[in-house]
Amino acid sequence: MRPRGPGAPRKEEMSKVAESMNAENSSENQEERQPEMDSKYRLIIVAAQRSKQLQRGARPRVEMDTQRHKPTRVALEEVQRGKVGFSIIEKE
């Protein structure tokens, strides 16, 4: 197993991020509560979870030609534009 960098999320955090992505929130509340993307690792984890949702039939939240762009690219663009909500839940 490869060592994680200081900003890499733990397995427990990754599952909690996925759970929070599935929760339905209004777009206003989502923008207020959404934390800043603190590491490139978290960006990739959130985009990967969203890509899976897109592959399973979720509708894209950004205007992109889905025939020309793969779900991974669409998901990454959504996360970078702040269209995908997530929260960081600290383990007690």
# chains A, B, ... in the order shown; residues from 1 in each chain; ligands from 1
>>> select_by_dssp(residues="stretch 39-80 of chain A", states="alpha helix (DSSP H)", output="PyMOL selection string")
chain A and resi 40-55+71-80
>>> write_last_selection(atoms="N, CA and C atoms", output="CSV table (one decimal), in the first residue's frame")
chain,number,residue,atom,x,y,z
A,40,LYS,N,-5.8,18.3,-4.1
A,40,LYS,CA,-6.1,17.7,-5.3
A,40,LYS,C,-6.6,16.3,-5.2
A,41,TYR,N,-6.3,15.7,-4.1
A,41,TYR,CA,-6.8,14.3,-3.8
A,41,TYR,C,-8.3,14.3,-3.6
A,42,ARG,N,-8.7,15.3,-2.8
A,42,ARG,CA,-10.2,15.4,-2.6
A,42,ARG,C,-10.9,15.7,-3.9
A,43,LEU,N,-10.3,16.6,-4.7
A,43,LEU,CA,-10.9,16.9,-6.0
A,43,LEU,C,-11.2,15.7,-6.8
A,44,ILE,N,-10.2,14.8,-6.9
A,44,ILE,CA,-10.3,13.6,-7.6
A,44,ILE,C,-11.3,12.6,-7.0
A,45,ILE,N,-11.3,12.5,-5.7
A,45,ILE,CA,-12.3,11.6,-5.1
A,45,ILE,C,-13.7,12.1,-5.3
A,46,VAL,N,-14.0,13.4,-5.2
A,46,VAL,CA,-15.3,13.9,-5.4
A,46,VAL,C,-15.7,13.7,-6.9
A,47,ALA,N,-14.8,14.0,-7.8
A,47,ALA,CA,-15.1,13.9,-9.2
A,47,ALA,C,-15.3,12.5,-9.6
A,48,ALA,N,-14.6,11.5,-9.0
A,48,ALA,CA,-14.8,10.1,-9.3
A,48,ALA,C,-16.1,9.6,-8.8
A,49,GLN,N,-16.6,10.1,-7.7
A,49,GLN,CA,-17.9,9.7,-7.2
A,49,GLN,C,-19.0,10.3,-8.1
A,50,ARG,N,-18.8,11.5,-8.5
A,50,ARG,CA,-19.8,12.1,-9.4
A,50,ARG,C,-19.8,11.5,-10.8
A,51,SER,N,-18.6,11.0,-11.3
A,51,SER,CA,-18.5,10.3,-12.5
A,51,SER,C,-19.3,9.0,-12.5
A,52,LYS,N,-19.3,8.3,-11.4
A,52,LYS,CA,-20.0,7.1,-11.2
A,52,LYS,C,-21.5,7.4,-11.3
A,53,GLN,N,-21.9,8.5,-10.7
A,53,GLN,CA,-23.3,8.9,-10.8
A,53,GLN,C,-23.8,9.2,-12.2
A,54,LEU,N,-22.9,9.9,-12.9
A,54,LEU,CA,-23.2,10.2,-14.3
A,54,LEU,C,-23.3,8.9,-15.2
A,55,GLN,N,-22.4,8.0,-14.9
A,55,GLN,CA,-22.4,6.7,-15.6
A,55,GLN,C,-23.7,5.9,-15.4
A,71,PRO,N,-17.8,10.8,-19.1
A,71,PRO,CA,-18.4,11.2,-17.8
A,71,PRO,C,-17.3,11.7,-16.8
A,72,THR,N,-16.1,11.2,-16.9
A,72,THR,CA,-15.1,11.7,-16.0
A,72,THR,C,-14.7,13.1,-16.2
A,73,ARG,N,-14.7,13.5,-17.5
A,73,ARG,CA,-14.4,14.9,-17.8
A,73,ARG,C,-15.5,15.8,-17.4
A,74,VAL,N,-16.8,15.4,-17.6
A,74,VAL,CA,-17.9,16.2,-17.2
A,74,VAL,C,-17.9,16.4,-15.7
A,75,ALA,N,-17.7,15.3,-15.0
A,75,ALA,CA,-17.7,15.3,-13.5
A,75,ALA,C,-16.6,16.3,-13.0
A,76,LEU,N,-15.4,16.2,-13.6
A,76,LEU,CA,-14.3,17.1,-13.2
A,76,LEU,C,-14.7,18.6,-13.4
A,77,GLU,N,-15.3,18.8,-14.5
A,77,GLU,CA,-15.8,20.2,-14.8
A,77,GLU,C,-16.8,20.7,-13.8
A,78,GLU,N,-17.8,19.8,-13.5
A,78,GLU,CA,-18.8,20.1,-12.5
A,78,GLU,C,-18.2,20.5,-11.2
A,79,VAL,N,-17.2,19.7,-10.7
A,79,VAL,CA,-16.6,19.9,-9.4
A,79,VAL,C,-15.8,21.2,-9.4
A,80,GLN,N,-15.1,21.5,-10.5
A,80,GLN,CA,-14.3,22.7,-10.6
A,80,GLN,C,-15.2,23.9,-10.6
>>> atom_distance(atom1="atom CA of A:Ser39", atom2="atom CA of A:Gly82")
14.5 Å
>>> atom_distance(atom1="atom CA of A:Pro60", atom2="atom CA of A:Phe86")
16.2 Å
